[in-house]
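Step one of this worksheet: look at the structure below.
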Amino acid sequence: MTSLFSHRHGGAGYHPDMLDFSVSISPLHPFDAAPGIGTQSIRTYPSIDGSGIREFYCRRYGLEKDTVLALNGAIEGIYLLPRAIPLRRMLLFAPSFHDYMRAARIAGVETGFVRLDVSTGFAFPAYEELAETLSGYDALFACTPNNPTGTLLSPELIMALASRFPEKWFFVDEAFLQFLPGFEELTLMKHVGAFRNIVVVHSLTKFYAMPGLRLGALVGHPDTIRKLYDFKEPWTVNAIAENAARELTGCRAYEEALRLLVANERKKIMDAFSPMTSMRIAGGSANFFLVQWCGEGSFDSMLASLQGKGIIVRDCRNFDGLEGNYFRFSVRTTEENRILLDALRICDALQTGDRA
Ligand SMILES: Cc1ncc(COP(=O)(O)O)c(C=O)c1O
């Protein structure tokens with residue numbers, strides 16, 4: 001059993017003087033100070049069900065209140081699902097976010113894996129293959145875009161599987177989906193009314209740059225959300241987070257500016273990588289890239305040289321299935337990305353020099 005501290009996540013070495021590309025958080029902020037951070041928010045109990053967050057999802061995405069369960073960050077929902085829903089075996093992808101497996105194990109649910117391979121661009125299996133693999137499982141937990149490979153799962157594929165196997169559960173983590181321009185078409189949130197067995201895990205901490213506040217939701221069919229509430233602790237969303245969520249409904253300009261920044265910077269970053277010979281983009285979408293180090297020099301020295309320049313990227317060697325030399329970095333502001341790319345170009349030039 002992995003303990004809380006045995007698996008290192010990105011951001012773990014956070015230091016205010018370092019440029020942290022290891023967490024995939026927006027580099028922009030929707031507002032400068034957390035709203036409602038006054039004595040009022042601290043001295044009163046929040047609502048028992050995080051209603052400020054539920055209001056955000058209803059107003060911003062037109063969802064019905066009874067389809068939303070507010071969370072203290074998406075992570076709370078990842079652990080709630082296998083605890084609240086009786087399951088025997090859950091199918092996961094590897095590499096993917098570590099906590100699906102840990103949450104399943106804590107809840108006594110067995111896990112099995114479908115390996116995603118670099119040779120196919122970490123593509124998810126096609127419908128028939130996935131349907132066949134699912135025969136031994138009663139749930140699938142998938143991430144789209146997958147962290148850290150960036151692979152996208154089509155909402156149609158999940159809905160087709162959910163219709164074919166109404167007795168199986170489909171948990172879909174959309175923590176990074178909001179960064180994509182086609183988010184509104186790609187999200188399953190608007191389809192949950194038609195499927196009792198699909199639950200979307202959603203996070204507000206990444207897109208709205210609030211990892212310290214912890215905000216997110218499970219979005220599902222009203223019958224499913226009602227069942228999940230039977231297992232949910234009260235007051236897990238604090239009053240500051242509730243107030244912040246209410247403010248987020250008016251942040252359309254921020255959302256557009258962020259998506260535009262990410263799309264423009266992605267193009268520049270991809271162009272910058274094409275002449276490099278010691279590292280290549282192996283995956284990533286939305287606001288992060290997965291890169292494989294193929295230089296002859298040591299990967300540890302390369303990471304240390306970045307750290308020496310005040311830059312942290314996510315060493316991905318502890319992702320199951322990414323034991324090769326992979327790292328992930330997030331898309332940040334134009335100036336911050338320039339600093340990272342300059343540092344990577346120097347690492348690459350040193351490798352090329354080594355071989356010459
Ligand atoms: C794929 C994925 N889902 C969920 C989470 C947790 O999100 P939150 O900060 O909203 O709890 C993370 C955190 O890194 C993540 O990478």
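By convention here, the chains of the structure tokens are called A, B, ... in the order presented, each chain's residues are numbered starting at 1, and ligands are numbered starting at 1 in the order presented.
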
(request) With only C-alpha atoms and all ligand atoms counted, collect every polymer residue having an atom within 8 Å of ligand 1; state the result as number ranges by chain. (result) A: 9-10, 23-24, 72-76, 78, 96-97, 143-144, 146-148, 173-176, 201-206, 211, 214-216

Export N, CA and C atoms of the chosen residues as an mmCIF file, in the first residue's frame?
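The result, stored in again_29.cif:
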```cif
data_model
loop_
_atom_site.group_PDB
_atom_site.id
_atom_site.type_symbol
_atom_site.label_atom_id
_atom_site.label_comp_id
_atom_site.auth_asym_id
_atom_site.auth_seq_id
_atom_site.Cartn_x
_atom_site.Cartn_y
_atom_site.Cartn_z
ATOM 1 N N HIS A 9 4.412 14.035 -5.862
ATOM 2 C CA HIS A 9 3.658 14.722 -6.911
ATOM 3 C C HIS A 9 4.468 15.932 -7.371
ATOM 4 N N GLY A 10 4.020 16.585 -8.437
ATOM 5 C CA GLY A 10 4.640 17.844 -8.831
ATOM 6 C C GLY A 10 4.392 18.881 -7.755
ATOM 7 N N VAL A 23 3.975 21.785 -11.691
ATOM 8 C CA VAL A 23 2.527 21.684 -11.475
ATOM 9 C C VAL A 23 1.827 22.330 -12.665
ATOM 10 N N SER A 24 0.746 21.720 -13.124
ATOM 11 C CA SER A 24 0.094 22.246 -14.328
ATOM 12 C C SER A 24 -1.027 23.204 -13.937
ATOM 13 N N ASN A 72 -13.598 19.689 -1.902
ATOM 14 C CA ASN A 72 -12.392 20.374 -1.468
ATOM 15 C C ASN A 72 -11.258 19.965 -2.426
ATOM 16 N N GLY A 73 -11.379 20.389 -3.679
ATOM 17 C CA GLY A 73 -10.447 19.945 -4.717
ATOM 18 C C GLY A 73 -10.919 18.621 -5.300
ATOM 19 N N ALA A 74 -10.589 18.391 -6.573
ATOM 20 C CA ALA A 74 -10.990 17.151 -7.255
ATOM 21 C C ALA A 74 -10.525 15.916 -6.481
ATOM 22 N N ILE A 75 -9.433 16.054 -5.767
ATOM 23 C CA ILE A 75 -8.860 14.884 -5.090
ATOM 24 C C ILE A 75 -9.861 14.270 -4.102
ATOM 25 N N GLU A 76 -10.680 15.103 -3.473
ATOM 26 C CA GLU A 76 -11.661 14.572 -2.525
ATOM 27 C C GLU A 76 -12.635 13.624 -3.245
ATOM 28 N N ILE A 78 -11.983 11.902 -6.013
ATOM 29 C CA ILE A 78 -11.274 10.698 -6.465
ATOM 30 C C ILE A 78 -11.276 9.637 -5.359
ATOM 31 N N SER A 96 -0.770 7.153 -15.661
ATOM 32 C CA SER A 96 -1.835 8.118 -15.418
ATOM 33 C C SER A 96 -1.668 8.653 -14.000
ATOM 34 N N PHE A 97 -2.612 9.445 -13.563
ATOM 35 C CA PHE A 97 -2.524 10.057 -12.232
ATOM 36 C C PHE A 97 -2.552 8.958 -11.166
ATOM 37 N N CYS A 143 -8.586 9.576 -17.239
ATOM 38 C CA CYS A 143 -8.270 10.998 -17.140
ATOM 39 C C CYS A 143 -8.162 11.552 -18.557
ATOM 40 N N THR A 144 -8.855 12.659 -18.861
ATOM 41 C CA THR A 144 -8.795 13.240 -20.204
ATOM 42 C C THR A 144 -8.711 14.761 -20.130
ATOM 43 N N ASN A 146 -5.156 12.931 -20.486
ATOM 44 C CA ASN A 146 -4.500 12.112 -19.466
ATOM 45 C C ASN A 146 -3.247 12.807 -18.933
ATOM 46 N N ASN A 147 -3.129 12.826 -17.624
ATOM 47 C CA ASN A 147 -1.924 13.326 -16.962
ATOM 48 C C ASN A 147 -1.021 12.117 -16.735
ATOM 49 N N PRO A 148 0.184 12.036 -17.311
ATOM 50 C CA PRO A 148 0.950 13.098 -17.972
ATOM 51 C C PRO A 148 1.040 12.965 -19.491
ATOM 52 N N ASP A 173 -11.937 11.893 -15.170
ATOM 53 C CA ASP A 173 -11.300 13.055 -14.549
ATOM 54 C C ASP A 173 -10.981 14.076 -15.642
ATOM 55 N N GLU A 174 -11.661 15.219 -15.582
ATOM 56 C CA GLU A 174 -11.472 16.282 -16.584
ATOM 57 C C GLU A 174 -10.685 17.456 -15.998
ATOM 58 N N ALA A 175 -9.754 17.166 -15.069
ATOM 59 C CA ALA A 175 -9.054 18.236 -14.340
ATOM 60 C C ALA A 175 -8.379 19.263 -15.258
ATOM 61 N N PHE A 176 -7.902 18.828 -16.440
ATOM 62 C CA PHE A 176 -7.174 19.755 -17.323
ATOM 63 C C PHE A 176 -7.945 20.094 -18.604
ATOM 64 N N VAL A 201 -15.158 13.991 -12.796
ATOM 65 C CA VAL A 201 -14.383 14.616 -11.709
ATOM 66 C C VAL A 201 -13.870 15.933 -12.274
ATOM 67 N N HIS A 202 -14.200 17.027 -11.618
ATOM 68 C CA HIS A 202 -13.799 18.332 -12.146
ATOM 69 C C HIS A 202 -13.016 19.112 -11.102
ATOM 70 N N SER A 203 -12.045 19.885 -11.587
ATOM 71 C CA SER A 203 -11.202 20.675 -10.675
ATOM 72 C C SER A 203 -11.265 22.144 -11.063
ATOM 73 N N LEU A 204 -11.326 23.023 -10.079
ATOM 74 C CA LEU A 204 -11.218 24.457 -10.379
ATOM 75 C C LEU A 204 -9.858 24.994 -9.949
ATOM 76 N N THR A 205 -9.027 24.137 -9.380
ATOM 77 C CA THR A 205 -7.771 24.642 -8.799
ATOM 78 C C THR A 205 -6.722 24.935 -9.869
ATOM 79 N N LYS A 206 -6.813 24.223 -10.998
ATOM 80 C CA LYS A 206 -5.753 24.355 -12.005
ATOM 81 C C LYS A 206 -6.038 25.505 -12.963
ATOM 82 N N PRO A 211 -4.673 26.383 -6.312
ATOM 83 C CA PRO A 211 -4.431 25.088 -5.671
ATOM 84 C C PRO A 211 -4.454 25.175 -4.148
ATOM 85 N N ARG A 214 -8.406 24.898 -2.899
ATOM 86 C CA ARG A 214 -9.061 23.598 -3.050
ATOM 87 C C ARG A 214 -10.532 23.740 -3.469
ATOM 88 N N LEU A 215 -10.797 23.625 -4.742
ATOM 89 C CA LEU A 215 -12.163 23.719 -5.257
ATOM 90 C C LEU A 215 -12.366 22.723 -6.391
ATOM 91 N N GLY A 216 -13.477 22.037 -6.388
ATOM 92 C CA GLY A 216 -13.782 21.114 -7.485
ATOM 93 C C GLY A 216 -15.166 20.536 -7.289
#
```

Wanna dump the stretch 134-200 of chain A-stretch 124-127 of chain A contacts at 12 Å for me, each residue with its shortest atom pair and the distance in Å to one decimal, counting only C-alpha atoms, ordered by chain and number, as a tab-separated table?
```
residue	atom	partner	partner_atom	distance
A:Leu134	CA	A:Tyr127	CA	10.5
A:Ala142	CA	A:Phe124	CA	9.8
A:Cys143	CA	A:Phe124	CA	10.6
A:Thr144	CA	A:Phe124	CA	10.3
A:Pro145	CA	A:Phe124	CA	10.8
A:Asn146	CA	A:Phe124	CA	9.6
A:Thr149	CA	A:Phe124	CA	10.4
A:Gly150	CA	A:Phe124	CA	10.7
A:Thr151	CA	A:Phe124	CA	7.1
A:Leu152	CA	A:Phe124	CA	7.8
A:Leu153	CA	A:Phe124	CA	7.0
A:Ser154	CA	A:Phe124	CA	9.7
A:Pro155	CA	A:Tyr127	CA	11.7
A:Glu156	CA	A:Tyr127	CA	9.9
A:Leu157	CA	A:Tyr127	CA	6.5
A:Ile158	CA	A:Tyr127	CA	8.8
A:Met159	CA	A:Tyr127	CA	10.7
A:Ala160	CA	A:Tyr127	CA	8.3
A:Leu161	CA	A:Tyr127	CA	7.7
A:Ala162	CA	A:Tyr127	CA	11.4
A:Arg164	CA	A:Tyr127	CA	11.0
```

(request) Using DSSP on the backbone, list every residue of stretch 105-220 of chain A that comes out as alpha helix (DSSP H), and give them as a PyMOL selection string. (result) chain A and resi 105-106+127-133+155-164+183-186

(request) Please indicate the distance in Å from atom CA of A:Thr352 to atom CA of A:Val262, rounded to one decimal place. (result)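 Atom CA of A:Val262 lies 29.7 Å from atom CA of A:Thr352.
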
(request) Extract the full set of strand (DSSP E or B) residues from stretch 183-331 of chain A according to DSSP on the backbone, and format it as a PyMOL selection string. (result) chain A and resi 198-203+216-220+279-283+288-293+311-312+314-315+326-330

(message) At a cut-off of 12 Å, using only C-alpha atoms, what residues contact A:Glu335? Leave out same-chain residues fewer than 2 positions from it and give the result as a ChimeraX atom specification.
(response) /A:19,27,261,265,268,331-333,337-342

(message) Can you tell me which residues surround stretch 85-93 of chain A at a distance of at most 7 Å, considering only C-alpha atoms, apart from same-chain residues fewer than 6 positions away, and format the answer as a list in words?
(response) Val109, Glu110, Thr111, Gly112, Phe113, Val114, Arg115, Leu116, Tyr137, Asp138, Ala139, Leu140, Phe141 and Ala142 of chain A

Write out as a PDB file with C-alpha atoms, in the first residue's frame which residues come within 9 Å of stretch 48-64 of chain A when counting only C-alpha atoms, dropping same-chain ones fewer than 4 positions away.
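Result file result-v9.pdb:
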```
ATOM      1  CA  VAL A  68     -23.216  18.646  -8.655  1.00  0.00           C
ATOM      2  CA  LEU A  69     -21.387  17.560  -5.507  1.00  0.00           C
ATOM      3  CA  ALA A  70     -18.945  20.255  -4.306  1.00  0.00           C
ATOM      4  CA  LEU A  71     -15.450  19.186  -3.313  1.00  0.00           C
ATOM      5  CA  ASN A  72     -12.392  20.374  -1.468  1.00  0.00           C
ATOM      6  CA  GLU A 184     -17.476  22.831 -24.032  1.00  0.00           C
ATOM      7  CA  MET A 189     -20.662  17.262 -17.710  1.00  0.00           C
ATOM      8  CA  LYS A 190     -23.607  18.182 -19.904  1.00  0.00           C
ATOM      9  CA  LEU A 215     -12.163  23.719  -5.257  1.00  0.00           C
ATOM     10  CA  GLY A 216     -13.782  21.114  -7.485  1.00  0.00           C
ATOM     11  CA  ALA A 217     -16.869  18.977  -8.048  1.00  0.00           C
ATOM     12  CA  VAL A 219     -20.864  15.959 -11.709  1.00  0.00           C
ATOM     13  CA  PRO A 222     -29.025  13.141  -9.601  1.00  0.00           C
ATOM     14  CA  TYR A 229     -23.765  12.453  -0.505  1.00  0.00           C
ATOM     15  CA  GLU A 233     -18.278  14.487   5.158  1.00  0.00           C
ATOM     16  CA  PRO A 234     -20.012  17.811   5.895  1.00  0.00           C
ATOM     17  CA  TRP A 235     -18.268  21.210   5.525  1.00  0.00           C
ATOM     18  CA  THR A 236     -15.271  20.054   3.474  1.00  0.00           C
ATOM     19  CA  VAL A 237     -15.497  23.230   1.344  1.00  0.00           C
ATOM     20  CA  ASN A 238     -14.462  26.238   3.415  1.00  0.00           C
ATOM     21  CA  ALA A 239     -16.205  29.626   3.264  1.00  0.00           C
ATOM     22  CA  ALA A 241     -13.435  28.727  -1.300  1.00  0.00           C
ATOM     23  CA  GLU A 242     -17.229  29.054  -1.583  1.00  0.00           C
ATOM     24  CA  ASN A 243     -16.968  32.819  -2.030  1.00  0.00           C
ATOM     25  CA  ALA A 244     -14.139  32.470  -4.547  1.00  0.00           C
ATOM     26  CA  ALA A 245     -16.239  30.023  -6.595  1.00  0.00           C
ATOM     27  CA  ARG A 246     -19.136  32.498  -6.734  1.00  0.00           C
ATOM     28  CA  GLU A 247     -16.757  35.170  -8.101  1.00  0.00           C
ATOM     29  CA  LEU A 248     -15.505  32.824 -10.830  1.00  0.00           C
ATOM     30  CA  THR A 249     -18.802  32.971 -12.717  1.00  0.00           C
ATOM     31  CA  GLY A 250     -17.842  36.461 -13.929  1.00  0.00           C
TER      32      GLY A 250
END
```

(message) Applying 8 Å and only C-alpha atoms, which residues near A:Pro30 remain after dropping the ones on its own chain fewer than 3 positions away? List them as a PyMOL selection string.
(response) chain A and resi 208-209+248+251+254

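Computed from the coordinates, the atom CA of A:Pro275 to atom CA of A:Ile346 distance equals 12.5 Å.
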
(message) Ranking A:Thr334, A:Thr120, A:Thr67, A:Asn325 by minimum distance to A:Phe195 and counting only C-alpha atoms, which one comes first?
(response) A:Thr67

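Taking atom CA of A:Phe289 as the reference point, atom CA of A:Ser305 is found at 19.3 Å.
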
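In terms of minimum interatomic distance to A:Tyr100, A:Phe171 ranks closest within A:Phe183, A:Phe165, A:Tyr45, A:Phe171, counting only C-alpha atoms.
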